[in-house]
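Contents: one structure, followed by commentary.
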Amino acid sequence: MTSTRSDAAARRALLLDAADAVFGEHGITAPLDLVVERAGVGRATLYRNFPDRASLIAAMLQRSIAKLEAHIAELGERDDALFELFGGMAARIVQSPALADYWRAVDQDNPGVSAARLHVLKLMEPALLRAKAAGVCRADLQVADISLISSMLGAALRGRTRDERAVLAQRALELLRPGLAETNTAPR
């Protein structure tokens, strides 16, 4: 029984990896047959795991959130965890451009997406509070600003290749970090 479950989990992960690659190359509306072909499984396996494109995309979003949770756990109580999380956010944009673009473009009032966004903000809030308490980021930085920062990092999607996106994401981080850091000077 455990072997069957682990095989099913492996096939599901394989499908998610294939979808990420195919959508990254051809866009989120790419034919699902390309996902099946890339994963090396039958169509029935795809539809048994994901009845439609929306459920596949939802699973990809959930997996992205799980990666964020793992990154947060790995960082622990570090004062600079917020900046590391922004770096992870930029890396996910570079690695999964179609998913990042979907996340940015989908209707903000979609209940599933809205819940996912709130969950991400809630996950990142402790890192923000630690950074503020330690004086490593601006005192006026708010949880809602994380969405704005994510959108700024999303400008890396202008890159046509993974390498171009990586350069743009790195530059965005270089520009953002000083702007988010505590300056110890009063505004003019």
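Residue numbering restarts at 1 for every chain of the structure tokens, chains are lettered A, B, ... in their displayed order, and ligands are numbered from 1 as they appear.
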Would you write out, as a Markdown table, a table of all residues in stretch 94-134 of chain A that have an atom no more than 7 Å from an atom of stretch 140-159 of chain A, listing for each the closest atom pair and the distance in Å to one decimal, considering only C-alpha atoms and ordering rows by chain and rising residue number?
```
| residue | atom | partner | partner_atom | distance |
| --- | --- | --- | --- | --- |
| A:Pro97 | CA | A:Leu157 | CA | 6.3 |
| A:Leu121 | CA | A:Val143 | CA | 6.4 |
| A:Glu125 | CA | A:Val143 | CA | 6.1 |
```
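Residues surrounding A:Leu180 within 9 Å are Val136, Cys137, Arg138 and Leu141 of chain A [only C-alpha atoms; sequence separation below 6 positions excluded].
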Find the residues near A:Val167: any atom within 12 Å, counting only C-alpha atoms, skip ones fewer than 3 places away on the same chain, and give them as a VMD selection string. chain A and resid 90 to 91 93 to 94 153 155 to 164 170 to 174
Writer output for current selection, N, CA and C atoms, as an mmCIF file, in the first residue's frame:
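Final output, saved to again-v3.cif:
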```
data_model
loop_
_atom_site.group_PDB
_atom_site.id
_atom_site.type_symbol
_atom_site.label_atom_id
_atom_site.label_comp_id
_atom_site.auth_asym_id
_atom_site.auth_seq_id
_atom_site.Cartn_x
_atom_site.Cartn_y
_atom_site.Cartn_z
ATOM 1 N N ALA A 90 12.295 35.828 -5.935
ATOM 2 C CA ALA A 90 12.873 36.158 -7.245
ATOM 3 C C ALA A 90 13.291 34.877 -7.972
ATOM 4 N N ALA A 91 13.869 33.931 -7.252
ATOM 5 C CA ALA A 91 14.294 32.670 -7.872
ATOM 6 C C ALA A 91 13.097 31.908 -8.429
ATOM 7 N N ILE A 93 10.335 33.194 -9.512
ATOM 8 C CA ILE A 93 9.885 33.908 -10.701
ATOM 9 C C ILE A 93 10.744 33.510 -11.902
ATOM 10 N N VAL A 94 12.038 33.394 -11.682
ATOM 11 C CA VAL A 94 12.958 33.008 -12.756
ATOM 12 C C VAL A 94 12.687 31.573 -13.193
ATOM 13 N N LEU A 153 9.488 42.537 -8.293
ATOM 14 C CA LEU A 153 10.366 41.439 -8.705
ATOM 15 C C LEU A 153 9.826 40.771 -9.966
ATOM 16 N N ALA A 155 8.838 42.034 -12.511
ATOM 17 C CA ALA A 155 9.302 42.697 -13.737
ATOM 18 C C ALA A 155 10.363 41.851 -14.438
ATOM 19 N N ALA A 156 10.961 40.925 -13.720
ATOM 20 C CA ALA A 156 11.943 40.023 -14.326
ATOM 21 C C ALA A 156 11.305 39.151 -15.406
ATOM 22 N N LEU A 157 10.004 39.056 -15.404
ATOM 23 C CA LEU A 157 9.307 38.267 -16.428
ATOM 24 C C LEU A 157 9.492 38.855 -17.822
ATOM 25 N N ARG A 158 9.984 40.077 -17.906
ATOM 26 C CA ARG A 158 10.264 40.666 -19.214
ATOM 27 C C ARG A 158 11.389 39.926 -19.934
ATOM 28 N N GLY A 159 12.209 39.228 -19.186
ATOM 29 C CA GLY A 159 13.287 38.457 -19.806
ATOM 30 C C GLY A 159 12.722 37.313 -20.632
ATOM 31 N N ARG A 160 13.234 37.142 -21.836
ATOM 32 C CA ARG A 160 12.716 36.093 -22.717
ATOM 33 C C ARG A 160 13.296 34.726 -22.407
ATOM 34 N N THR A 161 14.466 34.701 -21.796
ATOM 35 C CA THR A 161 15.088 33.425 -21.451
ATOM 36 C C THR A 161 15.281 33.369 -19.942
ATOM 37 N N ARG A 162 15.576 32.179 -19.470
ATOM 38 C CA ARG A 162 15.826 32.004 -18.034
ATOM 39 C C ARG A 162 16.988 32.886 -17.584
ATOM 40 N N ASP A 163 18.050 32.933 -18.404
ATOM 41 C CA ASP A 163 19.217 33.751 -18.063
ATOM 42 C C ASP A 163 18.872 35.236 -18.009
ATOM 43 N N GLU A 164 18.091 35.702 -18.977
ATOM 44 C CA GLU A 164 17.676 37.108 -18.956
ATOM 45 C C GLU A 164 16.829 37.407 -17.731
ATOM 46 N N GLN A 170 18.012 39.581 -10.359
ATOM 47 C CA GLN A 170 19.153 39.961 -9.514
ATOM 48 C C GLN A 170 19.270 41.483 -9.427
ATOM 49 N N ARG A 171 19.091 42.149 -10.552
ATOM 50 C CA ARG A 171 19.169 43.620 -10.557
ATOM 51 C C ARG A 171 18.040 44.212 -9.715
ATOM 52 N N ALA A 172 16.853 43.657 -9.829
ATOM 53 C CA ALA A 172 15.728 44.146 -9.019
ATOM 54 C C ALA A 172 16.046 44.009 -7.534
ATOM 55 N N LEU A 173 16.616 42.880 -7.148
ATOM 56 C CA LEU A 173 16.990 42.687 -5.741
ATOM 57 C C LEU A 173 18.045 43.699 -5.308
ATOM 58 N N GLU A 174 19.004 43.957 -6.186
ATOM 59 C CA GLU A 174 20.062 44.925 -5.868
ATOM 60 C C GLU A 174 19.484 46.323 -5.661
#
```
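Between atom CA of A:Leu15 and atom CA of A:Asp109 the separation is 27.7 Å.
Nearest to A:Leu85 of all the residues A:Gly42, A:Gly112, A:Pro51, A:Pro126 is A:Pro126, counting only C-alpha atoms.
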Please report, as a PyMOL selection string, each residue of stretch 1-172 of chain A to which DSSP assigns alpha helix (DSSP H) when run on this structure's backbone. chain A and resi 2-26+32-39+43-49+53-75+81-95+97-105+111-134+145-153+162-172
For the residues in the current selection, export C-alpha atoms as a compact mmCIF listing (two decimals), in the first residue's frame.
```
# COMPACT_ATOMS: atom_id res chain seq x y z
CA THR A 2 2.80 2.45 0.88
CA SER A 3 4.56 1.62 -2.40
CA THR A 4 1.39 2.41 -4.34
CA ARG A 5 1.01 5.72 -2.50
CA SER A 6 4.64 6.66 -3.05
CA ASP A 7 4.36 5.75 -6.75
CA ALA A 8 1.27 7.94 -7.04
CA ALA A 9 3.03 10.79 -5.25
CA ALA A 10 6.03 10.40 -7.56
CA ARG A 11 3.79 10.52 -10.65
CA ARG A 12 2.01 13.59 -9.30
CA ALA A 13 5.35 15.34 -8.69
CA LEU A 14 6.51 14.32 -12.16
CA LEU A 15 3.38 15.86 -13.67
CA LEU A 16 3.87 19.08 -11.70
CA ASP A 17 7.51 19.30 -12.80
CA ALA A 18 6.49 18.66 -16.41
CA ALA A 19 3.73 21.27 -16.25
CA ASP A 20 6.16 23.80 -14.80
CA ALA A 21 8.62 23.15 -17.65
CA VAL A 22 6.00 23.10 -20.42
CA PHE A 23 4.18 26.18 -19.15
CA GLY A 24 7.53 27.95 -18.76
CA GLU A 25 8.36 27.25 -22.40
CA HIS A 26 4.94 27.62 -24.02
CA LEU A 32 -1.89 19.50 -21.69
CA ASP A 33 -0.74 16.77 -24.09
CA LEU A 34 2.69 18.43 -23.93
CA VAL A 35 2.65 17.98 -20.15
CA VAL A 36 1.72 14.30 -20.55
CA GLU A 37 4.48 13.83 -23.13
CA ARG A 38 7.08 15.62 -20.98
CA ALA A 39 6.12 13.57 -17.91
CA ARG A 43 -3.38 11.05 -20.31
CA ALA A 44 -5.44 9.08 -17.80
CA THR A 45 -2.71 9.60 -15.20
CA LEU A 46 -2.83 13.36 -15.77
CA TYR A 47 -6.61 13.52 -15.49
CA ARG A 48 -6.71 11.16 -12.50
CA ASN A 49 -4.42 13.58 -10.67
CA ARG A 53 -6.08 22.80 -16.09
CA ALA A 54 -7.36 24.85 -13.14
CA SER A 55 -6.69 22.00 -10.70
CA LEU A 56 -3.20 21.53 -12.16
CA ILE A 57 -2.42 25.23 -11.76
CA ALA A 58 -3.87 25.22 -8.23
CA ALA A 59 -1.59 22.30 -7.33
CA MET A 60 1.38 24.16 -8.79
CA LEU A 61 0.52 27.21 -6.66
CA GLN A 62 0.18 25.03 -3.56
CA ARG A 63 3.55 23.43 -4.27
CA SER A 64 5.09 26.88 -4.60
CA ILE A 65 3.64 27.84 -1.22
CA ALA A 66 4.98 24.60 0.28
CA LYS A 67 8.44 25.56 -1.01
CA LEU A 68 8.05 28.96 0.65
CA GLU A 69 7.08 27.26 3.93
CA ALA A 70 10.16 25.02 3.70
CA HIS A 71 12.36 28.04 3.01
CA ILE A 72 10.93 29.86 6.02
CA ALA A 73 11.55 26.83 8.23
CA GLU A 74 15.11 26.55 6.92
CA LEU A 75 15.82 30.21 7.72
CA ALA A 81 15.17 36.12 6.73
CA LEU A 82 12.89 38.64 5.00
CA PHE A 83 15.60 39.53 2.48
CA GLU A 84 16.38 35.85 1.92
CA LEU A 85 12.69 35.22 1.28
CA PHE A 86 12.64 37.99 -1.31
CA GLY A 87 15.61 36.28 -2.95
CA GLY A 88 13.67 33.01 -2.96
CA MET A 89 10.68 34.81 -4.43
CA ALA A 90 12.87 36.16 -7.25
CA ALA A 91 14.29 32.67 -7.87
CA ARG A 92 10.79 31.20 -8.19
CA ILE A 93 9.89 33.91 -10.70
CA VAL A 94 12.96 33.01 -12.76
CA GLN A 95 12.34 29.25 -12.52
CA PRO A 97 7.76 32.28 -15.16
CA ALA A 98 4.37 31.05 -16.37
CA LEU A 99 3.18 30.35 -12.84
CA ALA A 100 4.49 33.71 -11.63
CA ASP A 101 2.78 35.46 -14.54
CA TYR A 102 -0.46 33.61 -13.82
CA TRP A 103 -0.22 34.55 -10.12
CA ARG A 104 0.12 38.22 -11.12
CA ALA A 105 -2.55 38.22 -13.85
CA PRO A 111 -11.34 32.96 -3.79
CA GLY A 112 -8.55 30.39 -4.18
CA VAL A 113 -5.98 32.93 -5.28
CA SER A 114 -7.06 35.44 -2.65
CA ALA A 115 -6.73 32.80 0.08
CA ALA A 116 -3.29 31.79 -1.24
CA ARG A 117 -2.11 35.41 -1.27
CA LEU A 118 -3.29 35.96 2.30
CA HIS A 119 -1.57 32.73 3.34
CA VAL A 120 1.72 33.85 1.77
CA LEU A 121 1.52 37.23 3.52
CA LYS A 122 0.76 35.52 6.83
CA LEU A 123 3.74 33.19 6.34
CA MET A 124 6.08 36.11 5.66
CA GLU A 125 4.79 38.40 8.40
CA PRO A 126 6.99 36.98 11.22
CA ALA A 127 10.13 37.55 9.11
CA LEU A 128 9.00 41.11 8.44
CA LEU A 129 8.36 41.75 12.14
CA ARG A 130 11.78 40.29 13.09
CA ALA A 131 13.52 42.43 10.48
CA LYS A 132 11.80 45.57 11.76
CA ALA A 133 12.56 44.72 15.40
CA ALA A 134 16.23 44.12 14.54
CA ASP A 145 4.10 45.93 0.90
CA ILE A 146 5.18 42.32 0.30
CA SER A 147 2.68 42.11 -2.56
CA LEU A 148 4.10 45.29 -4.06
CA ILE A 149 7.66 43.96 -3.73
CA SER A 150 6.57 40.71 -5.37
CA SER A 151 5.15 42.69 -8.28
CA MET A 152 8.37 44.66 -8.58
CA LEU A 153 10.37 41.44 -8.70
CA ARG A 162 15.83 32.00 -18.03
CA ASP A 163 19.22 33.75 -18.06
CA GLU A 164 17.68 37.11 -18.96
CA ARG A 165 15.08 36.69 -16.19
CA ALA A 166 17.84 35.80 -13.72
CA VAL A 167 19.80 38.96 -14.58
CA LEU A 168 16.68 41.12 -14.25
CA ALA A 169 15.67 39.49 -10.96
CA GLN A 170 19.15 39.96 -9.51
CA ARG A 171 19.17 43.62 -10.56
CA ALA A 172 15.73 44.15 -9.02
```
Could you tell me how far atom CA of A:Ala139 lies from atom CA of A:Thr183, in Å and to one decimal? 9.5 Å
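Straight-line separation from atom CA of A:Gly135 to atom CA of A:Glu182: 6.2 Å.
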